[in-house]
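**Student:** See data26.cif below, with mmCIF, C-alpha atoms.
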data_query
#
loop_
_atom_site.label_atom_id
_atom_site.label_comp_id
_atom_site.auth_asym_id
_atom_site.auth_seq_id
_atom_site.Cartn_x
_atom_site.Cartn_y
_atom_site.Cartn_z
CA MET A 9 -7.97 16.73 23.69
CA GLU A 10 -10.36 17.35 20.82
CA GLU A 11 -7.43 18.35 18.62
CA PHE A 12 -5.57 15.20 19.64
CA PHE A 13 -8.48 12.89 18.82
CA GLN A 14 -9.06 14.72 15.53
CA GLN A 15 -5.46 14.25 14.45
CA PHE A 16 -5.45 10.68 15.74
CA ALA A 17 -8.44 9.87 13.53
CA ASN A 18 -6.81 11.57 10.55
CA GLY A 19 -3.64 9.61 11.18
CA LEU A 20 -5.46 6.29 11.31
CA ALA A 21 -7.14 6.93 7.95
CA VAL A 22 -3.85 7.81 6.24
CA GLY A 23 -2.07 5.05 8.14
CA GLY A 24 -4.49 2.50 6.75
CA ILE A 25 -3.47 3.56 3.25
CA TYR A 26 0.22 3.36 4.15
CA ALA A 27 -0.36 -0.12 5.56
CA LEU A 28 -2.03 -1.38 2.38
CA ILE A 29 0.89 -0.16 0.26
CA ALA A 30 3.43 -1.47 2.77
CA LEU A 31 1.92 -4.95 2.50
CA GLY A 32 3.01 -5.09 -1.15
CA TYR A 33 6.58 -4.22 -0.23
CA THR A 34 6.73 -6.65 2.65
CA MET A 35 5.21 -9.62 0.78
CA VAL A 36 7.63 -9.31 -2.14
CA TYR A 37 10.56 -8.85 0.22
CA GLY A 38 9.44 -11.77 2.35
CA VAL A 39 9.52 -14.20 -0.59
CA LEU A 40 12.15 -12.74 -2.93
CA LYS A 41 14.25 -10.59 -0.56
CA LEU A 42 13.72 -7.85 -3.13
CA ILE A 43 12.58 -4.25 -2.65
CA ASN A 44 10.04 -3.74 -5.43
CA PHE A 45 10.71 -0.09 -6.27
CA ALA A 46 7.94 -0.18 -8.86
CA HIS A 47 5.30 -0.80 -6.20
CA GLY A 48 4.69 2.92 -5.58
CA ASP A 49 3.99 3.40 -9.27
CA LEU A 50 1.48 0.55 -9.23
CA PHE A 51 -0.25 2.51 -6.46
CA THR A 52 -0.28 5.55 -8.79
CA ILE A 53 -1.75 3.51 -11.63
CA GLY A 54 -4.50 2.37 -9.27
CA ALA A 55 -5.37 5.99 -8.51
CA TYR A 56 -5.53 6.93 -12.21
CA LEU A 57 -7.46 3.84 -13.25
CA GLY A 58 -9.88 4.54 -10.40
CA LEU A 59 -10.45 8.05 -11.73
CA THR A 60 -10.96 6.68 -15.24
CA VAL A 61 -13.50 4.09 -14.16
CA LEU A 62 -15.39 6.51 -11.90
CA ALA A 63 -15.60 9.06 -14.72
CA ALA A 64 -16.69 6.40 -17.22
CA LEU A 65 -19.44 5.12 -14.95
CA GLY A 66 -20.56 8.62 -14.07
CA LEU A 67 -21.15 7.77 -10.44
CA THR A 68 -22.75 10.43 -8.29
CA GLU A 69 -23.57 10.54 -4.61
CA PHE A 70 -27.08 9.28 -5.30
CA TYR A 71 -26.20 6.40 -7.59
CA GLY A 72 -22.69 5.68 -6.46
CA ALA A 73 -22.15 6.03 -2.72
CA VAL A 74 -20.49 3.17 -0.95
CA ILE A 75 -21.68 0.25 -3.09
CA GLY A 76 -20.63 1.89 -6.36
CA VAL A 77 -17.17 2.71 -5.02
CA LEU A 78 -16.87 -0.83 -3.67
CA LEU A 79 -17.51 -2.26 -7.14
CA VAL A 80 -14.98 0.13 -8.65
CA ALA A 81 -12.44 -0.89 -5.99
CA ILE A 82 -12.90 -4.57 -6.91
CA MET A 83 -12.39 -3.72 -10.59
CA ILE A 84 -9.22 -1.75 -9.79
CA MET A 85 -7.85 -4.60 -7.69
CA GLY A 86 -8.40 -6.98 -10.60
CA MET A 87 -6.70 -4.66 -13.08
CA LEU A 88 -3.70 -4.07 -10.81
CA ALA A 89 -3.37 -7.79 -10.08
CA ALA A 90 -3.09 -8.39 -13.83
CA ILE A 91 -0.51 -5.60 -14.19
CA GLY A 92 1.43 -7.05 -11.26
CA ALA A 93 1.51 -10.47 -12.94
CA VAL A 94 2.80 -8.91 -16.18
CA LEU A 95 5.42 -6.97 -14.22
CA ASP A 96 6.67 -10.14 -12.55
CA ARG A 97 6.79 -12.02 -15.85
CA ALA A 98 8.56 -9.22 -17.75
CA ALA A 99 10.88 -7.61 -15.20
CA TYR A 100 11.61 -10.07 -12.41
CA ARG A 101 11.11 -13.70 -13.45
CA PRO A 102 13.80 -13.64 -16.19
CA LEU A 103 16.27 -12.48 -13.49
CA ARG A 104 15.28 -15.03 -10.86
CA GLU A 105 18.64 -16.81 -10.98
CA SER A 106 20.70 -13.64 -11.50
CA PRO A 107 22.50 -11.70 -8.73
CA ARG A 108 20.10 -9.74 -6.55
CA LEU A 109 21.49 -6.43 -7.80
CA SER A 110 20.15 -7.21 -11.29
CA ALA A 111 16.61 -7.51 -9.94
CA VAL A 112 17.01 -4.24 -8.01
CA VAL A 113 18.11 -2.44 -11.17
CA SER A 114 15.21 -4.01 -13.05
CA ALA A 115 12.83 -2.76 -10.34
CA LEU A 116 14.17 0.77 -10.68
CA GLY A 117 13.80 0.59 -14.44
CA ALA A 118 10.24 -0.69 -14.13
CA SER A 119 9.45 2.17 -11.74
CA ILE A 120 10.72 4.81 -14.19
CA PHE A 121 8.89 3.13 -17.07
CA LEU A 122 5.56 2.99 -15.26
CA GLN A 123 5.82 6.56 -13.99
CA ASN A 124 6.53 7.91 -17.46
CA LEU A 125 3.80 5.73 -18.94
CA VAL A 126 1.25 7.31 -16.59
CA MET A 127 2.51 10.79 -17.51
CA LEU A 128 2.24 10.06 -21.23
CA VAL A 129 -1.28 8.66 -20.95
CA TYR A 130 -2.79 11.14 -18.48
CA GLY A 131 -0.49 14.17 -18.73
CA ALA A 132 1.74 15.84 -16.15
CA ARG A 133 -0.95 18.02 -14.57
CA PHE A 134 -2.85 17.19 -11.42
CA GLN A 135 -6.03 15.22 -12.01
CA VAL A 136 -9.11 15.91 -9.90
CA TYR A 137 -11.45 13.26 -8.51
CA PRO A 138 -15.21 13.94 -8.51
CA LEU A 139 -16.19 15.41 -5.15
CA ASP A 140 -19.77 14.16 -4.98
CA ILE A 141 -19.22 10.42 -4.99
CA LEU A 142 -19.09 9.73 -1.27
CA PRO A 143 -21.21 11.56 1.34
CA SER A 144 -19.54 14.75 2.55
CA THR A 145 -21.11 14.50 6.00
CA ALA A 146 -19.25 13.85 9.24
CA VAL A 147 -19.89 11.61 12.22
CA SER A 148 -19.44 13.02 15.73
CA LEU A 149 -17.37 10.72 17.93
CA PHE A 150 -15.78 11.74 21.25
CA GLN A 151 -16.76 15.33 20.44
CA VAL A 152 -14.78 15.09 17.20
CA ASP A 153 -16.33 15.37 13.75
CA ILE A 154 -14.86 12.64 11.55
CA PRO A 155 -15.71 12.79 7.81
CA VAL A 156 -17.53 9.70 6.55
CA VAL A 157 -14.98 9.25 3.75
CA LYS A 158 -12.20 8.80 6.32
CA ILE A 159 -14.26 6.25 8.22
CA ILE A 160 -14.87 4.34 4.99
CA VAL A 161 -11.19 4.43 4.06
CA LEU A 162 -10.09 3.20 7.49
CA ALA A 163 -12.78 0.49 7.66
CA ALA A 164 -11.93 -0.75 4.15
CA SER A 165 -8.21 -0.80 4.99
CA ILE A 166 -8.73 -2.80 8.18
CA LEU A 167 -11.07 -5.22 6.38
CA LEU A 168 -8.56 -5.86 3.58
CA MET A 169 -5.73 -6.32 6.05
CA ALA A 170 -7.78 -8.80 8.08
CA VAL A 171 -8.73 -10.77 4.96
CA LEU A 172 -5.09 -10.91 3.85
CA TYR A 173 -3.93 -12.03 7.30
CA LEU A 174 -6.50 -14.84 7.40
CA PHE A 175 -5.63 -15.82 3.82
CA VAL A 176 -1.93 -16.15 4.64
CA GLN A 177 -2.47 -17.89 7.98
CA ARG A 178 -5.43 -20.17 7.28
CA THR A 179 -5.22 -21.34 3.65
CA ARG A 180 -3.00 -23.83 1.79
CA ILE A 181 -1.79 -21.11 -0.56
CA GLY A 182 -0.96 -18.93 2.43
CA THR A 183 1.00 -21.81 3.94
CA ALA A 184 2.89 -22.18 0.66
CA ILE A 185 3.70 -18.46 0.71
CA ARG A 186 5.05 -18.72 4.25
CA ALA A 187 7.07 -21.81 3.34
CA ALA A 188 8.60 -20.08 0.30
CA ALA A 189 9.46 -17.10 2.50
CA ILE A 190 11.38 -19.35 4.89
CA ASP A 191 13.33 -21.44 2.36
CA GLN A 192 12.51 -21.67 -1.35
CA GLY A 193 14.70 -24.73 -1.89
CA ALA A 194 13.02 -26.68 0.88
CA ALA A 195 9.62 -25.51 -0.35
CA ARG A 196 10.38 -26.95 -3.81
CA LEU A 197 11.41 -30.26 -2.23
CA MET A 198 8.01 -30.33 -0.51
CA GLY A 199 6.31 -30.00 -3.90
CA ILE A 200 5.48 -26.32 -3.73
CA ASP A 201 5.55 -24.45 -7.06
CA VAL A 202 7.60 -21.44 -5.95
CA ASN A 203 7.08 -19.55 -9.20
CA ARG A 204 3.33 -19.87 -8.69
CA VAL A 205 3.70 -18.61 -5.13
CA ILE A 206 5.68 -15.60 -6.34
CA LEU A 207 3.04 -14.93 -8.98
CA ILE A 208 0.34 -14.94 -6.29
CA VAL A 209 2.39 -12.45 -4.26
CA PHE A 210 2.59 -10.21 -7.33
CA LEU A 211 -1.18 -10.50 -7.74
CA ILE A 212 -2.01 -9.59 -4.15
CA GLY A 213 0.50 -6.79 -3.54
CA PRO A 214 -0.37 -4.61 -6.57
CA ALA A 215 -4.09 -5.23 -5.96
CA LEU A 216 -3.80 -3.78 -2.44
CA GLY A 217 -1.60 -0.93 -3.70
CA GLY A 218 -4.08 -0.13 -6.45
CA VAL A 219 -7.06 0.11 -4.12
CA ALA A 220 -4.92 2.30 -1.83
CA GLY A 221 -4.44 4.65 -4.81
CA LEU A 222 -8.20 4.82 -5.28
CA MET A 223 -8.58 5.66 -1.57
CA VAL A 224 -6.09 8.52 -1.83
CA GLY A 225 -8.03 9.96 -4.76
CA LEU A 226 -11.31 9.77 -2.84
CA LEU A 227 -9.73 11.15 0.33
CA TYR A 228 -7.78 14.10 -1.06
CA GLY A 229 -9.45 14.69 -4.43
CA GLN A 230 -6.20 15.22 -6.33
CA ILE A 231 -3.64 12.86 -7.83
CA ASN A 232 -0.48 13.27 -9.88
CA PHE A 233 1.87 10.94 -11.68
CA THR A 234 4.73 11.39 -9.16
CA MET A 235 2.77 10.66 -6.01
CA GLY A 236 3.85 7.01 -6.02
CA TRP A 237 7.36 8.11 -5.05
CA THR A 238 6.25 9.92 -1.88
CA TYR A 239 3.66 7.38 -0.81
CA GLY A 240 5.95 4.52 -1.77
CA LEU A 241 8.75 5.84 0.43
CA LYS A 242 6.39 6.34 3.36
CA ALA A 243 4.93 2.87 2.93
CA PHE A 244 8.46 1.48 2.73
CA THR A 245 9.21 3.33 5.97
CA ALA A 246 6.09 1.77 7.49
CA ALA A 247 7.22 -1.69 6.39
CA ILE A 248 10.63 -1.15 8.03
CA LEU A 249 9.00 0.32 11.12
CA GLY A 250 6.93 -2.82 11.61
CA GLY A 251 9.63 -5.20 10.40
CA ILE A 252 9.89 -5.69 6.64
CA GLY A 253 8.87 -9.17 5.54
CA ASN A 254 6.33 -9.39 8.35
CA ILE A 255 2.66 -8.91 7.41
CA PRO A 256 1.35 -7.87 10.86
CA GLY A 257 4.38 -5.62 11.14
CA ALA A 258 3.46 -3.80 7.91
CA MET A 259 -0.07 -3.27 9.23
CA VAL A 260 1.10 -1.94 12.60
CA GLY A 261 3.86 0.13 11.00
CA GLY A 262 1.48 1.78 8.53
CA LEU A 263 -1.10 2.76 11.14
CA LEU A 264 1.58 3.93 13.56
CA LEU A 265 3.37 6.01 10.94
CA GLY A 266 0.11 7.66 9.90
CA VAL A 267 -0.68 8.64 13.50
CA ILE A 268 2.87 9.89 14.17
CA GLU A 269 2.81 11.94 10.98
CA ALA A 270 -0.59 13.49 11.75
CA LEU A 271 0.31 14.35 15.34
CA GLY A 272 3.68 15.71 14.26
CA ALA A 273 2.06 17.92 11.63
CA ALA A 274 -0.42 19.25 14.22
CA TYR A 275 1.88 19.81 17.18
CA ILE A 276 5.23 20.51 15.50
CA SER A 277 4.67 21.89 12.00
CA ILE A 278 2.81 20.78 8.89
CA ALA A 279 5.92 21.74 6.91
CA TRP A 280 7.70 18.89 8.73
CA LYS A 281 5.03 16.35 7.84
CA ASP A 282 7.14 14.46 5.30
CA ALA A 283 10.38 14.93 7.22
CA ILE A 284 8.82 13.30 10.28
CA ALA A 285 8.27 10.05 8.38
CA PHE A 286 11.89 9.88 7.35
CA CYS A 287 13.07 10.81 10.84
CA VAL A 288 11.10 7.79 12.02
CA LEU A 289 12.87 5.67 9.37
CA ILE A 290 16.32 6.82 10.50
CA ALA A 291 15.46 6.36 14.18
CA ILE A 292 14.13 2.84 13.70
CA LEU A 293 17.17 1.84 11.64
CA ILE A 294 19.45 3.07 14.43
CA VAL A 295 17.53 1.80 17.44
CA ARG A 296 15.91 -1.36 16.09
CA PRO A 297 16.94 -2.26 12.52
CA THR A 298 14.67 -5.32 12.47
CA GLY A 299 11.57 -3.23 13.18
CA LEU A 300 8.99 -3.44 15.95
CA LEU A 301 8.02 -7.05 15.08
CA GLY A 302 11.34 -7.84 13.49
CA GLU A 303 12.05 -11.18 15.13
CA ARG A 304 9.63 -12.89 12.78
CA VAL A 305 11.01 -11.35 9.60
CA ALA A 306 13.48 -14.05 8.70
CA GLU A 307 11.08 -16.90 9.34
CA LYS A 308 7.57 -15.88 8.45
CA ILE A 309 5.76 -13.65 6.04
#
Since I need it in another form, could you write the structure as structure tokens?
**Tutor:**
Amino acid sequence: MEEFFQQFANGLAVGGIYALIALGYTMVYGVLKLINFAHGDLFTIGAYLGLTVLAALGLTEFYGAVIGVLLVAIMIMGMLAAIGAVLDRAAYRPLRESPRLSAVVSALGASIFLQNLVMLVYGARFQVYPLDILPSTAVSLFQVDIPVVKIIVLAASILLMAVLYLFVQRTRIGTAIRAAAIDQGAARLMGIDVNRVILIVFLIGPALGGVAGLMVGLLYGQINFTMGWTYGLKAFTAAILGGIGNIPGAMVGGLLLGVIEALGAAYISIAWKDAIAFCVLIAILIVRPTGLLGERVAEKI
């Protein structure tokens, strides 16, 4: 049982990261019915900008710890929100009235551009995060030693997801986002500025993806310019698992995929870790194409 709880805790930490990235996919799809293929690369940019800021500030365990990383995370979210707004204005807004395939091709082009931009700026080699920023101690829970960094990652993920859920459900802007997700034409007739709503979606999604990139750097200590492809696909799988276009579904799908992946790696084979995620994708498409919470996809975001 100790092994099970250990892997379950590992899966929750990684699943929280998947969920944060999946929220970007599901919000854009919910409003635009578009798969933003560049979202994984925004996650990568978040990881690299996080490394840059941490190195520039020279944070150490004594000076940095949780508060320092929290401030860096807020900075990264702001930077990625700005990049997301530029991406929408340059790659998607000019094609708003074009056939959907044009926007998909534009998303693929943006993904390739961003990935190569990261490689040109930072190089093709792996980059290493400082190891002494967060405490390296572990907390014993149910006879399982859980590293503090994983607890912080999971707690931060859950907090961000809760804030986003309350924002979408309890605010006027959130109501406008849900209205635009149901019917953009009707939303315009009600006086909602749909372009502004879409801009807000492109602010929130990249911000969450960027902070997820920072979490991966802190959790694993290594990043590379292609990691957005792998994490992006897994987050996309999580979004489909929960029901793409559905915010609670993306949260549940991300956490569930992380746990399934961790348990599969422990009890089947770590070599099958990535394959398990895509087996889940195929299975959910066959058994329940709308996802676990799929009934709400067409009506609510």
**Student:** For the PyMOL selection byres ((chain A and resi 224) around 12), applied here, can you spell out every residue it catches as JSON, numbers by chain?
**Tutor:** {"A": [21, 22, 23, 24, 25, 26, 28, 29, 51, 52, 53, 54, 55, 56, 58, 59, 136, 137, 157, 158, 160, 161, 162, 165, 217, 218, 219, 220, 221, 222, 223, 225, 226, 227, 228, 229, 230, 231, 232, 235, 236, 239]}
**Student:** Here is a test: counting all atoms listed in the file, which residue of A:Ala30, A:Leu271, A:Leu79, A:Leu149 is nearest to A:Met259?
**Tutor:**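 Nearest to A:Met259: A:Ala30.
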**Student:** Excluding same-chain residues fewer than 3 positions from A:Ile120, what lies within 12 Å of it counting only C-alpha atoms, as a short mmCIF file (atom, residue, chain, number, x, y, z; two decimals) with C-alpha atoms, in the coordinates of the input?
**Tutor:**
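That gives us selection-v9.cif:
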data_model
loop_
_atom_site.label_atom_id
_atom_site.label_comp_id
_atom_site.auth_asym_id
_atom_site.auth_seq_id
_atom_site.Cartn_x
_atom_site.Cartn_y
_atom_site.Cartn_z
CA PHE A 45 10.71 -0.09 -6.27
CA ALA A 46 7.94 -0.18 -8.86
CA HIS A 47 5.30 -0.80 -6.20
CA GLY A 48 4.69 2.92 -5.58
CA ASP A 49 3.99 3.40 -9.27
CA LEU A 50 1.48 0.55 -9.23
CA VAL A 113 18.11 -2.44 -11.17
CA SER A 114 15.21 -4.01 -13.05
CA ALA A 115 12.83 -2.76 -10.34
CA LEU A 116 14.17 0.77 -10.68
CA GLY A 117 13.80 0.59 -14.44
CA GLN A 123 5.82 6.56 -13.99
CA ASN A 124 6.53 7.91 -17.46
CA LEU A 125 3.80 5.73 -18.94
CA VAL A 126 1.25 7.31 -16.59
CA MET A 127 2.51 10.79 -17.51
CA PHE A 233 1.87 10.94 -11.68
CA THR A 234 4.73 11.39 -9.16
CA GLY A 236 3.85 7.01 -6.02
CA TRP A 237 7.36 8.11 -5.05
#
**Student:** One number please: atom CA of A:Leu167 to atom CA of A:Glu10, in Å, one decimal.
**Tutor:**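 Distance between the two atoms: 26.8 Å.
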**Student:** For the point (12.4, -8.7, -5.2) in file coordinates, what residues are within 12 Å, counting all atoms listed in the file? Give the answer as a ChimeraX atom specification?
**Tutor:** /A:32-47,95-96,99-101,103-116,189,206-207,209-210,253
**Student:** Residues within 7 Å of stretch 287-296 of chain A, please, as a list of chain:residue names. Count all atoms listed in the file; anything in the same chain fewer than 3 positions from it doesn't count.
**Tutor:**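 Answer for this query is A:Thr245, A:Leu249, A:Ala283, A:Ile284, A:Gly299.
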**Student:** Need the shell around A:Ile200: protein/DNA/RNA residues with any atom at most 12 Å away, counting all atoms listed in the file. Skip same-chain ones fewer than 2 positions apart. Format as JSON, numbers by chain?
**Tutor:** {"A": [180, 181, 182, 183, 184, 185, 186, 187, 188, 189, 191, 192, 193, 194, 195, 196, 197, 198, 202, 203, 204, 205, 206]}
**Student:** Export C-alpha atoms of the chosen residues as an mmCIF file, in the frame of the given file?
**Tutor:**
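Final file, selection-v8.cif:
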data_model
loop_
_atom_site.group_PDB
_atom_site.id
_atom_site.type_symbol
_atom_site.label_atom_id
_atom_site.label_comp_id
_atom_site.auth_asym_id
_atom_site.auth_seq_id
_atom_site.Cartn_x
_atom_site.Cartn_y
_atom_site.Cartn_z
ATOM 1 C CA ARG A 180 -3.000 -23.830 1.790
ATOM 2 C CA ILE A 181 -1.790 -21.110 -0.560
ATOM 3 C CA GLY A 182 -0.960 -18.930 2.430
ATOM 4 C CA THR A 183 1.000 -21.810 3.940
ATOM 5 C CA ALA A 184 2.890 -22.180 0.660
ATOM 6 C CA ILE A 185 3.700 -18.460 0.710
ATOM 7 C CA ARG A 186 5.050 -18.720 4.250
ATOM 8 C CA ALA A 187 7.070 -21.810 3.340
ATOM 9 C CA ALA A 188 8.600 -20.080 0.300
ATOM 10 C CA ALA A 189 9.460 -17.100 2.500
ATOM 11 C CA ASP A 191 13.330 -21.440 2.360
ATOM 12 C CA GLN A 192 12.510 -21.670 -1.350
ATOM 13 C CA GLY A 193 14.700 -24.730 -1.890
ATOM 14 C CA ALA A 194 13.020 -26.680 0.880
ATOM 15 C CA ALA A 195 9.620 -25.510 -0.350
ATOM 16 C CA ARG A 196 10.380 -26.950 -3.810
ATOM 17 C CA LEU A 197 11.410 -30.260 -2.230
ATOM 18 C CA MET A 198 8.010 -30.330 -0.510
ATOM 19 C CA VAL A 202 7.600 -21.440 -5.950
ATOM 20 C CA ASN A 203 7.080 -19.550 -9.200
ATOM 21 C CA ARG A 204 3.330 -19.870 -8.690
ATOM 22 C CA VAL A 205 3.700 -18.610 -5.130
ATOM 23 C CA ILE A 206 5.680 -15.600 -6.340
#
